[in-house]
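Novice: Starting off with a structure, shown below.
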Protein chains: 2
Amino acid sequence: MNMNKKSPLTKPAHFDLEHFLPYQLSVVSNTVSQGIAHIYQQNHDLTVIEWRIIAVLGRYPGLTASQIVERTVMDKVAVSRAVKRLLERGLLKRITHGSDRRRRHLELTDETGKKTFAAIVPRARKYEQALLAGLSSAEVQTLLELLDRLHLAAITLEENTESGSEH
Amino acid sequence: MNMNKKSPLTKPAHFDLEHFLPYQLSVVSNTVSQGIAHIYQQNHDLTVIEWRIIAVLGRYPGLTASQIVERTVMDKVAVSRAVKRLLERGLLKRITHGSDRRRRHLELTDETGKKTFAAIVPRARKYEQALLAGLSSAEVQTLLELLDRLHLAAITLEENTESGSEH
DNA sequence: CCATACTAGTTTCATTTGCAACTATTTTCA
DNA sequence: TGAAAATAGTTGCAAATGAAACTAGTATGG
């Protein structure tokens, strides 16, 4: 059984970070995130997390903080603090659930909240369009599908890995 | 050439974060990063930045800190601190350039540095393979190409945007 | 040559983050 | 019932981060 000693081609000794998918993905994602972050930072003084909360509440009013956490895979504490800031700034309002007073449903305020949402959405869309301008719609479709499959694979791997170390 | 307007309604009121590319990209990238981070955190007590420094030095020995920054698009301060830690732990050695004493070239130490690199590489490769197991090689090819084009687009957008605010 | 500007890398300090522990409320089931 | 477990959300604190200032060394132009 040909052990890996010096055989002509078992494994190339090279490892090229630039061609390592997790790295590439991270670089692309960071570049895009940074670009889009401009939109809501510069113009509305919002962090990425704050914007995401607004976006998800714009679409699904009345979610609670933990439902937002579920949906967006963001950290619980980060969401709690961002919600606090958005409440203080008057972008959100909070309604305590009648029968279960632990639950506090969140909504965009009519004045500031919805207005901000409405102002950012077209800019975000425009950014996305510009980003994808070089791709045909078939390519966009393919990209989304491949990303989705990658995501599923990553989740599956994570689940299997975890069992090995703790819990 | 049928522009994408086509509908009588100007803009749908909906905005769905889950179908917004920058968001999707970020979620996939975070999931993958977290998964791969296990490999070097659990087994070698390295952060992502530390691992990247090792990886890039494994491939290109003798780079200076600022060359690493250039190549990996990581923060200057973060690299400085990670290098410091790797030197302390004996994974790197530093050679001051003869004629320009500001430059300090970095290399993996034979003992710990190269050994660690050699230990991580196969695991990293294995992770990447598992991640891509569900895709055909043509699909992988396509994915890489599309990511690359996205990256370029994002960089271009960034450059154009910046001009608006400062510099 | 020497004042100024530039480059490499580090440190300081003020925030930001993230884990764990906490409060408050509701559910479970003995 | 009511004590223990579960759930929602917050807070404290220590560590990670990042911008700007700083040290050290080199290049340049008058």
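Each chain of the structure tokens is named A, B, ... in the order shown, its residues numbered from 1; ligands are numbered from 1 in display order.
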Pairing the C-alpha atoms in order and superposing chain B on chain A, what is the resulting RMSD?
Specialist: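 Root-mean-square deviation of the C-alpha atoms: 3.0 Å.
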Novice: Can you tell me which residues surround His38 in chain B at a distance of at most 12 Å, considering only C-alpha atoms (C1' of nucleotides), apart from same-chain residues fewer than 5 positions away, and format the answer as a list in words?
Specialist: Leu157, Glu158, Glu159, Thr161, Glu162, Gly164 and Ser165 of chain A; Thr31, Val32, Ser33, Asn43, His44, Asp45, Leu46, Thr47, Val48, Trp51, Ile120, Arg123, Ala124 and Tyr127 of chain B
Novice: With N, CA and C atoms kept, could you save the residues just selected as an mmCIF file, in the first residue's frame?
Specialist:
```cif
data_model
loop_
_atom_site.group_PDB
_atom_site.id
_atom_site.type_symbol
_atom_site.label_atom_id
_atom_site.label_comp_id
_atom_site.auth_asym_id
_atom_site.auth_seq_id
_atom_site.Cartn_x
_atom_site.Cartn_y
_atom_site.Cartn_z
ATOM 1 N N LEU A 157 -21.643 19.385 7.825
ATOM 2 C CA LEU A 157 -20.296 19.135 8.343
ATOM 3 C C LEU A 157 -20.169 19.584 9.793
ATOM 4 N N GLU A 158 -20.705 20.746 10.054
ATOM 5 C CA GLU A 158 -20.628 21.292 11.406
ATOM 6 C C GLU A 158 -21.293 20.346 12.410
ATOM 7 N N GLU A 159 -22.469 19.902 12.047
ATOM 8 C CA GLU A 159 -23.195 18.990 12.937
ATOM 9 C C GLU A 159 -22.381 17.741 13.228
ATOM 10 N N THR A 161 -19.123 17.341 12.987
ATOM 11 C CA THR A 161 -17.896 17.666 13.700
ATOM 12 C C THR A 161 -18.147 17.841 15.183
ATOM 13 N N GLU A 162 -19.189 18.593 15.492
ATOM 14 C CA GLU A 162 -19.489 18.894 16.889
ATOM 15 C C GLU A 162 -19.558 17.660 17.772
ATOM 16 N N GLY A 164 -17.950 15.125 17.802
ATOM 17 C CA GLY A 164 -16.645 14.616 18.175
ATOM 18 C C GLY A 164 -16.039 15.259 19.403
ATOM 19 N N SER A 165 -16.352 16.512 19.676
ATOM 20 C CA SER A 165 -15.595 17.198 20.712
ATOM 21 C C SER A 165 -16.329 17.463 22.032
ATOM 22 N N THR B 31 -20.735 30.491 8.047
ATOM 23 C CA THR B 31 -20.900 29.079 8.402
ATOM 24 C C THR B 31 -19.651 28.284 8.045
ATOM 25 N N VAL B 32 -19.149 28.518 6.854
ATOM 26 C CA VAL B 32 -17.943 27.812 6.411
ATOM 27 C C VAL B 32 -16.754 28.184 7.297
ATOM 28 N N SER B 33 -16.588 29.481 7.539
ATOM 29 C CA SER B 33 -15.462 29.938 8.361
ATOM 30 C C SER B 33 -15.481 29.286 9.729
ATOM 31 N N ASN B 43 -7.415 21.922 17.470
ATOM 32 C CA ASN B 43 -6.248 21.056 17.430
ATOM 33 C C ASN B 43 -4.921 21.774 17.602
ATOM 34 N N HIS B 44 -4.880 23.044 17.290
ATOM 35 C CA HIS B 44 -3.587 23.715 17.325
ATOM 36 C C HIS B 44 -3.611 25.049 18.044
ATOM 37 N N ASP B 45 -4.737 25.408 18.590
ATOM 38 C CA ASP B 45 -4.865 26.669 19.308
ATOM 39 C C ASP B 45 -4.419 27.866 18.465
ATOM 40 N N LEU B 46 -4.946 27.915 17.257
ATOM 41 C CA LEU B 46 -4.626 29.035 16.366
ATOM 42 C C LEU B 46 -5.901 29.778 15.987
ATOM 43 N N THR B 47 -5.792 31.087 15.843
ATOM 44 C CA THR B 47 -6.922 31.861 15.322
ATOM 45 C C THR B 47 -6.885 31.815 13.791
ATOM 46 N N VAL B 48 -7.946 32.303 13.199
ATOM 47 C CA VAL B 48 -8.002 32.321 11.742
ATOM 48 C C VAL B 48 -6.836 33.114 11.165
ATOM 49 N N TRP B 51 -3.583 31.203 11.481
ATOM 50 C CA TRP B 51 -3.518 30.140 10.482
ATOM 51 C C TRP B 51 -3.216 30.698 9.094
ATOM 52 N N ILE B 120 -1.839 20.733 9.483
ATOM 53 C CA ILE B 120 -3.128 21.343 9.200
ATOM 54 C C ILE B 120 -3.547 21.154 7.752
ATOM 55 N N ARG B 123 -5.877 18.337 6.764
ATOM 56 C CA ARG B 123 -7.189 18.516 7.372
ATOM 57 C C ARG B 123 -7.989 19.589 6.639
ATOM 58 N N ALA B 124 -7.304 20.663 6.293
ATOM 59 C CA ALA B 124 -7.973 21.747 5.577
ATOM 60 C C ALA B 124 -8.453 21.249 4.220
ATOM 61 N N TYR B 127 -11.447 19.073 4.650
ATOM 62 C CA TYR B 127 -12.656 19.867 4.889
ATOM 63 C C TYR B 127 -13.184 20.437 3.577
#
```
Novice: Tell me, as a ChimeraX atom specification, which residues lie within 12 Å of DC2 in chain C, counting only C-alpha atoms (C1' of nucleotides); anything in the same chain fewer than 5 positions away does not count.
Specialist: /D:28-30
Novice: Write out, as an mmCIF file, in the first residue's frame, the residues just selected, with C-alpha atoms (C1' of nucleotides).
Specialist:
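part_24.cif written:
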```cif
data_model
loop_
_atom_site.group_PDB
_atom_site.id
_atom_site.type_symbol
_atom_site.label_atom_id
_atom_site.label_comp_id
_atom_site.auth_asym_id
_atom_site.auth_seq_id
_atom_site.Cartn_x
_atom_site.Cartn_y
_atom_site.Cartn_z
ATOM 1 C "C1'" DT D 28 15.072 62.447 -0.962
ATOM 2 C "C1'" DG D 29 15.712 67.116 -2.358
ATOM 3 C "C1'" DG D 30 17.440 71.698 -1.449
#
```
Novice: DSSP on the backbone: what in chain B comes out helix (DSSP H, G or I), as JSON, numbers by chain?
Specialist: {"B": [17, 18, 19, 21, 22, 23, 24, 25, 26, 27, 28, 29, 30, 31, 32, 33, 34, 35, 36, 37, 38, 39, 40, 41, 42, 43, 44, 48, 49, 50, 51, 52, 53, 54, 55, 56, 57, 58, 59, 65, 66, 67, 68, 69, 70, 71, 72, 76, 77, 78, 79, 80, 81, 82, 83, 84, 85, 86, 87, 88, 112, 113, 114, 115, 116, 117, 118, 119, 120, 121, 122, 123, 124, 125, 126, 127, 128, 129, 130, 131, 132, 137, 138, 139, 140, 141, 142, 143, 144, 145, 146, 147, 148, 149, 150, 151, 152, 153, 154, 155, 156, 157, 158, 159, 160, 161, 162]}
Novice: Print the selection's residues with C-alpha atoms to a file, as a compact mmCIF listing (two decimals), in the first residue's frame.
Specialist:
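The new file result_7.txt reads:
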```txt
# COMPACT_ATOMS: atom_id res chain seq x y z
CA LEU B 17 -33.29 39.76 3.44
CA GLU B 18 -33.03 36.03 2.87
CA HIS B 19 -32.88 36.61 -0.86
CA LEU B 21 -27.12 38.35 -2.10
CA PRO B 22 -24.80 40.20 0.27
CA TYR B 23 -26.67 38.66 3.17
CA GLN B 24 -26.67 35.16 1.72
CA LEU B 25 -23.01 35.38 0.96
CA SER B 26 -22.27 36.50 4.47
CA VAL B 27 -24.26 33.67 6.03
CA VAL B 28 -22.61 31.00 3.89
CA SER B 29 -19.18 32.44 4.45
CA ASN B 30 -19.68 32.63 8.22
CA THR B 31 -20.90 29.08 8.40
CA VAL B 32 -17.94 27.81 6.41
CA SER B 33 -15.46 29.94 8.36
CA GLN B 34 -16.78 28.69 11.63
CA GLY B 35 -16.53 25.11 10.44
CA ILE B 36 -13.00 25.39 9.21
CA ALA B 37 -11.93 27.39 12.24
CA HIS B 38 -12.57 24.32 14.39
CA ILE B 39 -9.73 22.54 12.69
CA TYR B 40 -7.02 24.89 13.77
CA GLN B 41 -8.59 26.18 16.95
CA GLN B 42 -9.36 22.86 18.56
CA ASN B 43 -6.25 21.06 17.43
CA HIS B 44 -3.59 23.72 17.32
CA VAL B 48 -8.00 32.32 11.74
CA ILE B 49 -5.47 35.08 11.25
CA GLU B 50 -2.67 33.04 12.73
CA TRP B 51 -3.52 30.14 10.48
CA ARG B 52 -3.57 32.35 7.41
CA ILE B 53 -0.17 33.72 8.25
CA ILE B 54 1.18 30.20 8.59
CA ALA B 55 -0.47 29.14 5.36
CA VAL B 56 0.88 32.00 3.36
CA LEU B 57 4.36 31.61 4.82
CA GLY B 58 4.22 27.90 4.14
CA ARG B 59 3.77 28.76 0.55
CA ALA B 65 4.45 41.41 7.68
CA SER B 66 3.32 44.07 5.27
CA GLN B 67 3.59 41.71 2.32
CA ILE B 68 1.33 39.35 4.21
CA VAL B 69 -1.11 42.17 4.78
CA GLU B 70 -1.11 42.93 1.06
CA ARG B 71 -1.68 39.37 0.05
CA THR B 72 -4.37 38.45 2.55
CA LYS B 76 -2.08 45.51 9.71
CA VAL B 77 -2.48 45.60 13.46
CA ALA B 78 -4.10 42.18 13.57
CA VAL B 79 -1.20 40.73 11.61
CA SER B 80 1.34 42.43 13.84
CA ARG B 81 -0.23 40.94 16.93
CA ALA B 82 -0.66 37.49 15.45
CA VAL B 83 2.96 37.44 14.31
CA LYS B 84 4.05 38.42 17.79
CA ARG B 85 2.16 35.52 19.28
CA LEU B 86 3.48 33.07 16.71
CA LEU B 87 7.04 34.20 17.39
CA GLU B 88 6.53 33.75 21.11
CA THR B 112 7.06 23.71 15.27
CA GLY B 113 6.13 25.95 12.37
CA LYS B 114 6.54 23.60 9.45
CA LYS B 115 5.22 20.72 11.47
CA THR B 116 2.05 22.60 12.30
CA PHE B 117 1.61 23.67 8.71
CA ALA B 118 2.08 20.10 7.53
CA ALA B 119 -0.42 18.86 10.08
CA ILE B 120 -3.13 21.34 9.20
CA VAL B 121 -2.93 21.24 5.43
CA PRO B 122 -4.38 17.75 4.95
CA ARG B 123 -7.19 18.52 7.37
CA ALA B 124 -7.97 21.75 5.58
CA ARG B 125 -7.97 19.95 2.26
CA LYS B 126 -10.23 17.27 3.64
CA TYR B 127 -12.66 19.87 4.89
CA GLU B 128 -12.71 21.59 1.54
CA GLN B 129 -13.30 18.31 -0.23
CA ALA B 130 -16.16 17.43 2.07
CA LEU B 131 -17.64 20.84 1.50
CA LEU B 132 -17.48 20.44 -2.25
CA SER B 137 -15.96 19.58 -10.83
CA ALA B 138 -17.62 21.68 -13.51
CA GLU B 139 -19.83 23.22 -10.85
CA VAL B 140 -16.86 23.94 -8.64
CA GLN B 141 -15.19 25.58 -11.58
CA THR B 142 -18.26 27.71 -12.22
CA LEU B 143 -18.58 28.65 -8.58
CA LEU B 144 -14.99 29.83 -8.39
CA GLU B 145 -15.34 31.82 -11.54
CA LEU B 146 -18.55 33.49 -10.44
CA LEU B 147 -17.12 34.31 -7.03
CA ASP B 148 -14.15 35.84 -8.70
CA ARG B 149 -16.27 38.02 -10.93
CA LEU B 150 -18.33 39.06 -7.94
CA HIS B 151 -15.19 39.98 -6.11
CA LEU B 152 -13.99 42.15 -8.94
CA ALA B 153 -17.35 43.84 -9.19
CA ALA B 154 -17.35 44.54 -5.47
CA ILE B 155 -13.89 46.05 -5.62
CA THR B 156 -14.86 48.25 -8.53
CA LEU B 157 -17.99 49.43 -6.77
CA GLU B 158 -16.01 50.22 -3.67
CA GLU B 159 -13.56 52.34 -5.59
CA ASN B 160 -16.31 54.33 -7.20
CA THR B 161 -18.20 54.78 -3.96
CA GLU B 162 -15.22 56.01 -2.01
```
Novice: Pick out the chain C residues within 10 Å of chain B. Count only C-alpha atoms (C1' of nucleotides). Give them as number ranges by chain.
Specialist: C: 7-11
Novice: Could you write out as a ChimeraX atom specification the residues of chain D within 10 Å of chain B, counting only C-alpha atoms (C1' of nucleotides)?
Specialist: /D:16-18,24-26
Novice: Go through chain B and collect every residue that DSSP, computed from the backbone, puts in strand (DSSP E); the answer should be as number ranges by chain.
Specialist: B: 92-96, 104-108
Novice: Could you check the closest approach to chain A for each of B:Glu111, B:Gly62, B:Ala133, B:Arg89 and tell me which residue wins, using only C-alpha atoms?
Specialist: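 Once distances to chain A are computed over only C-alpha atoms, the minimum belongs to B:Ala133.
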Novice: Which distance in Å separates C1' of DG9 in chain D and C1' of DT15 in chain C, to one decimal?
Specialist: 23.2 Å
Novice: So what do you get for C1' of DG18 in chain C versus CA of Leu108 in chain A, distance-wise?
Specialist: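 Going from C1' of DG18 in chain C over to CA of Leu108 in chain A, I get 27.1 Å.
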Novice: Between C1' of DA15 in chain D and C1' of DC13 in chain C, measure the distance and give it in Å to one decimal.
Specialist: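 About the pair C1' of DA15 in chain D and C1' of DC13 in chain C: they are 14.7 Å apart.
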Novice: So that I can check the surroundings of Arg94 in chain A, please list as an mmCIF file with C-alpha atoms, in the first residue's frame every protein, DNA and RNA residue that reaches within 8 Å of it, counting only C-alpha atoms (C1' of nucleotides) and ignoring chain neighbours fewer than 2 positions away.
Specialist:
```cif
data_model
loop_
_atom_site.group_PDB
_atom_site.id
_atom_site.type_symbol
_atom_site.label_atom_id
_atom_site.label_comp_id
_atom_site.auth_asym_id
_atom_site.auth_seq_id
_atom_site.Cartn_x
_atom_site.Cartn_y
_atom_site.Cartn_z
ATOM 1 C CA LEU A 87 -35.691 51.576 20.425
ATOM 2 C CA LEU A 92 -38.604 50.377 16.691
ATOM 3 C CA THR A 96 -45.278 42.970 25.258
ATOM 4 C CA ARG A 104 -41.824 41.348 23.333
ATOM 5 C CA HIS A 105 -42.878 41.808 19.761
ATOM 6 C CA LEU A 106 -41.004 44.311 17.683
ATOM 7 C CA GLU A 107 -42.180 46.591 14.926
#
```
